[in-house]
Amino acid sequence: MSVGTSSAPGTRDARRPPAPRHGDLAELGIDADDLPDGLVIADEHGRVIRFNAAAARITAVPVEDALGQRLEKVLPLEDLEGRRWWQLTDPYGGLAIRVRQPERNLLLPGGREVLVSAKYVRTHPTGPVRRVVVSLRDTEARRRTERSHAELIATVAHELRSPLTSVKGFTATLLAKWERFTDDQKRLMLETVDADADRVTRLIAELLDISRIDSGRLEVRRQPIDMGAAVGRHIQAYVAAGQPADRFLLRIEQPLPALWADPDKIDQVLSNLIENAVRHGEGTVTIDVTPSASPREGEDVGTSVTVSDEGPGIPEESMNRVFTRFWRGSKRGGTGLGLYIVKGIVEAHGGTITVGRAPGGGAEFRFTLPVGTPPHLL
């Protein structure tokens, strides 16, 4: 009688092929070419056996030219100091306890930066490397983010320098030579300081709004709002400041649905859109307040506000950039952050905003808000 052998509990029979791991790409029905990041796999001899479509795109090396070639030839990576990365890492002949290389910036031929990380696959700890799995990521998205942050810092520094220089200059002058100035001169300098302080405050408020929008922390405190009355207040403020009353045309279509929104933030949206029309547009500034289909599913109506002018309008090629950071419609100053914030506020309310060409030829901004009734009142 023959006696069969069995493996001890917790061990695997060496004659059996390893069972597929849960989550393998093939088991999940995912092809490596579907991955957004570059994937390069080399065998125990250092020759490339897998080179997906993203890796070909990032490295500009055709798949057929990569397969079967030495890994260091297909990916002649260098660090930022010009040293050959594969010579430094030496995955096949280096320390036997290493299992990976953390992500870092490396250079492809031509100086293109890529983010590279590597995994060393061994059959058992300290055993020989059977596979080297390399992940490649394009740095363009990160570069765009870094450029955006750099532009934000430069813009803030530029916008802060002028008012702070004015504040510092006038206050230092007043402190040093107070008795030499008449009351009218003192008042003029203090009014200038006050206006510049308001300018700094507005810029800081914009930066805080951008931070909250980018992080998804913009709070909306909903209250009942009369949109027609809110627009009317802005028009009255411009007329009181010297704009002719016939510069504005307000049209309200009744009945408007009951609207719940954050009054301070809606005032911020109206202020920005009307100011843009007054400052950058020409002719009559028309504001239409109408009921409309709500952008939020499940609600029949909302409120739309359309602000248009009769100026030159926005060039067609610039339409898709209007709501991005630092877009400026003219050379007349400003941070270029206002419309980015406006879009963030409208979307935080569950609304939408669009830009187009007005019937009179100028710019037309239209935002639509859902009714926004708080759940406890439904």
# chains A, B, ... in the order shown; residues from 1 in each chain; ligands from 1
$ closest_atom_pairs --of "stretch 107-126 of chain A" --to "stretch 73-87 of chain A" --cutoff "9 Å" --atoms "only C-alpha atoms" --output "tab-separated table"
residue	atom	partner	partner_atom	distance
A:Leu107	CA	A:Glu78	CA	5.2
A:Leu108	CA	A:Leu77	CA	5.3
A:Pro109	CA	A:Pro76	CA	7.0
$ select_by_dssp --residues "stretch 41-123 of chain A" --states "strand (DSSP E or B)" --output "VMD selection string"
chain A and resid 41 to 42 47 to 51 70 78 84 100 to 107 113 to 122
$ write_last_selection --atoms "N, CA, C and O atoms" --output "tab-separated table (two decimals), in the first residue's frame"
chain	number	residue	atom	x	y	z
A	41	ILE	N	7.25	46.06	-17.20
A	41	ILE	CA	7.64	44.88	-16.41
A	41	ILE	C	8.82	44.21	-17.10
A	41	ILE	O	8.78	43.96	-18.32
A	42	ALA	N	9.86	43.94	-16.32
A	42	ALA	CA	11.05	43.23	-16.82
A	42	ALA	C	11.15	41.88	-16.13
A	42	ALA	O	10.79	41.74	-14.95
A	47	ARG	N	14.91	41.89	-19.08
A	47	ARG	CA	14.36	42.22	-20.39
A	47	ARG	C	12.87	42.55	-20.26
A	47	ARG	O	12.15	41.89	-19.50
A	48	VAL	N	12.44	43.53	-21.01
A	48	VAL	CA	11.07	44.02	-20.92
A	48	VAL	C	10.10	43.00	-21.50
A	48	VAL	O	10.25	42.57	-22.65
A	49	ILE	N	9.11	42.60	-20.69
A	49	ILE	CA	8.10	41.65	-21.16
A	49	ILE	C	6.70	42.29	-21.20
A	49	ILE	O	5.77	41.67	-21.70
A	50	ARG	N	6.57	43.48	-20.63
A	50	ARG	CA	5.27	44.19	-20.70
A	50	ARG	C	5.54	45.68	-20.78
A	50	ARG	O	6.35	46.23	-20.02
A	51	PHE	N	4.89	46.32	-21.73
A	51	PHE	CA	5.09	47.75	-21.96
A	51	PHE	C	3.76	48.30	-22.45
A	51	PHE	O	3.39	48.12	-23.61
A	70	ARG	N	16.63	45.35	-23.13
A	70	ARG	CA	17.06	45.53	-21.75
A	70	ARG	C	16.32	46.71	-21.13
A	70	ARG	O	16.06	47.72	-21.78
A	78	GLU	N	17.79	59.11	-15.82
A	78	GLU	CA	18.83	59.78	-15.05
A	78	GLU	C	18.16	60.59	-13.94
A	78	GLU	O	17.02	61.04	-14.09
A	84	ARG	N	23.09	57.96	-13.88
A	84	ARG	CA	22.28	56.88	-14.41
A	84	ARG	C	21.54	56.18	-13.27
A	84	ARG	O	22.16	55.66	-12.34
A	100	ARG	N	11.56	47.65	-3.19
A	100	ARG	CA	10.96	48.69	-4.02
A	100	ARG	C	11.85	49.91	-4.09
A	100	ARG	O	12.82	50.04	-3.32
A	101	GLN	N	11.50	50.82	-5.00
A	101	GLN	CA	12.09	52.14	-5.08
A	101	GLN	C	10.95	53.15	-4.96
A	101	GLN	O	10.00	53.11	-5.74
A	102	PRO	N	10.99	54.05	-3.99
A	102	PRO	CA	9.90	55.01	-3.84
A	102	PRO	C	9.86	55.98	-5.02
A	102	PRO	O	10.84	56.16	-5.74
A	103	GLU	N	8.71	56.59	-5.20
A	103	GLU	CA	8.51	57.50	-6.33
A	103	GLU	C	9.44	58.71	-6.24
A	103	GLU	O	9.63	59.30	-5.19
A	104	ARG	N	10.01	59.05	-7.40
A	104	ARG	CA	10.87	60.22	-7.46
A	104	ARG	C	10.88	60.78	-8.88
A	104	ARG	O	10.51	60.11	-9.83
A	105	ASN	N	11.31	62.03	-9.00
A	105	ASN	CA	11.43	62.68	-10.31
A	105	ASN	C	12.70	62.21	-10.99
A	105	ASN	O	13.79	62.32	-10.43
A	106	LEU	N	12.56	61.72	-12.23
A	106	LEU	CA	13.72	61.32	-13.03
A	106	LEU	C	13.57	61.91	-14.43
A	106	LEU	O	12.50	62.41	-14.80
A	107	LEU	N	14.65	61.84	-15.19
A	107	LEU	CA	14.68	62.46	-16.52
A	107	LEU	C	14.81	61.41	-17.61
A	107	LEU	O	15.64	60.51	-17.51
A	113	GLU	N	10.74	65.26	-17.63
A	113	GLU	CA	10.61	64.71	-16.28
A	113	GLU	C	9.46	63.72	-16.21
A	113	GLU	O	8.40	63.94	-16.79
A	114	VAL	N	9.70	62.62	-15.49
A	114	VAL	CA	8.64	61.65	-15.21
A	114	VAL	C	8.76	61.24	-13.74
A	114	VAL	O	9.83	61.32	-13.13
A	115	LEU	N	7.63	60.81	-13.19
A	115	LEU	CA	7.62	60.27	-11.84
A	115	LEU	C	7.72	58.76	-11.94
A	115	LEU	O	6.90	58.12	-12.60
A	116	VAL	N	8.75	58.20	-11.29
A	116	VAL	CA	9.05	56.78	-11.44
A	116	VAL	C	9.06	56.11	-10.07
A	116	VAL	O	9.65	56.63	-9.11
A	117	SER	N	8.43	54.96	-9.99
A	117	SER	CA	8.54	54.10	-8.81
A	117	SER	C	8.70	52.67	-9.30
A	117	SER	O	8.30	52.34	-10.42
A	118	ALA	N	9.31	51.82	-8.48
A	118	ALA	CA	9.59	50.44	-8.92
A	118	ALA	C	9.34	49.47	-7.78
A	118	ALA	O	9.54	49.80	-6.60
A	119	LYS	N	8.92	48.27	-8.16
A	119	LYS	CA	8.69	47.18	-7.22
A	119	LYS	C	9.53	45.99	-7.64
A	119	LYS	O	9.54	45.61	-8.82
A	120	TYR	N	10.27	45.40	-6.69
A	120	TYR	CA	11.08	44.22	-6.98
A	120	TYR	C	10.32	43.00	-6.48
A	120	TYR	O	10.01	42.88	-5.29
A	121	VAL	N	10.00	42.09	-7.39
A	121	VAL	CA	9.22	40.90	-7.05
A	121	VAL	C	10.17	39.73	-6.87
A	121	VAL	O	10.93	39.39	-7.78
A	122	ARG	N	10.15	39.12	-5.71
A	122	ARG	CA	10.99	37.96	-5.38
A	122	ARG	C	10.09	36.80	-5.00
A	122	ARG	O	9.01	36.99	-4.44
$ select_by_dssp --residues "stretch 196-371 of chain A" --states "helix (DSSP H, G or I)" --output "VMD selection string"
chain A and resid 196 to 215 227 to 240 245 to 247 263 to 280 316 to 321 338 to 348
$ atom_distance --atom1 "atom CA of A:Val371" --atom2 "atom CA of A:Arg321"
28.3 Å
$ closest_atom_pairs --of "stretch 236-308 of chain A" --to "stretch 338-345 of chain A" --cutoff "9 Å" --atoms "only C-alpha atoms" --output "Markdown table"
| residue | atom | partner | partner_atom | distance |
| --- | --- | --- | --- | --- |
| A:Lys265 | CA | A:Ile345 | CA | 6.8 |
| A:Ile266 | CA | A:Ile345 | CA | 7.8 |
| A:Gln268 | CA | A:Val342 | CA | 7.5 |
| A:Val269 | CA | A:Val342 | CA | 5.3 |
| A:Leu270 | CA | A:Val342 | CA | 8.8 |
| A:Asn272 | CA | A:Gly338 | CA | 6.5 |
| A:Leu273 | CA | A:Leu339 | CA | 8.0 |
$ closest_residue --among "A:Leu250, A:Ile274, A:Val346, A:Ile225" --to "A:Glu364" --atoms "only C-alpha atoms"
A:Ile274
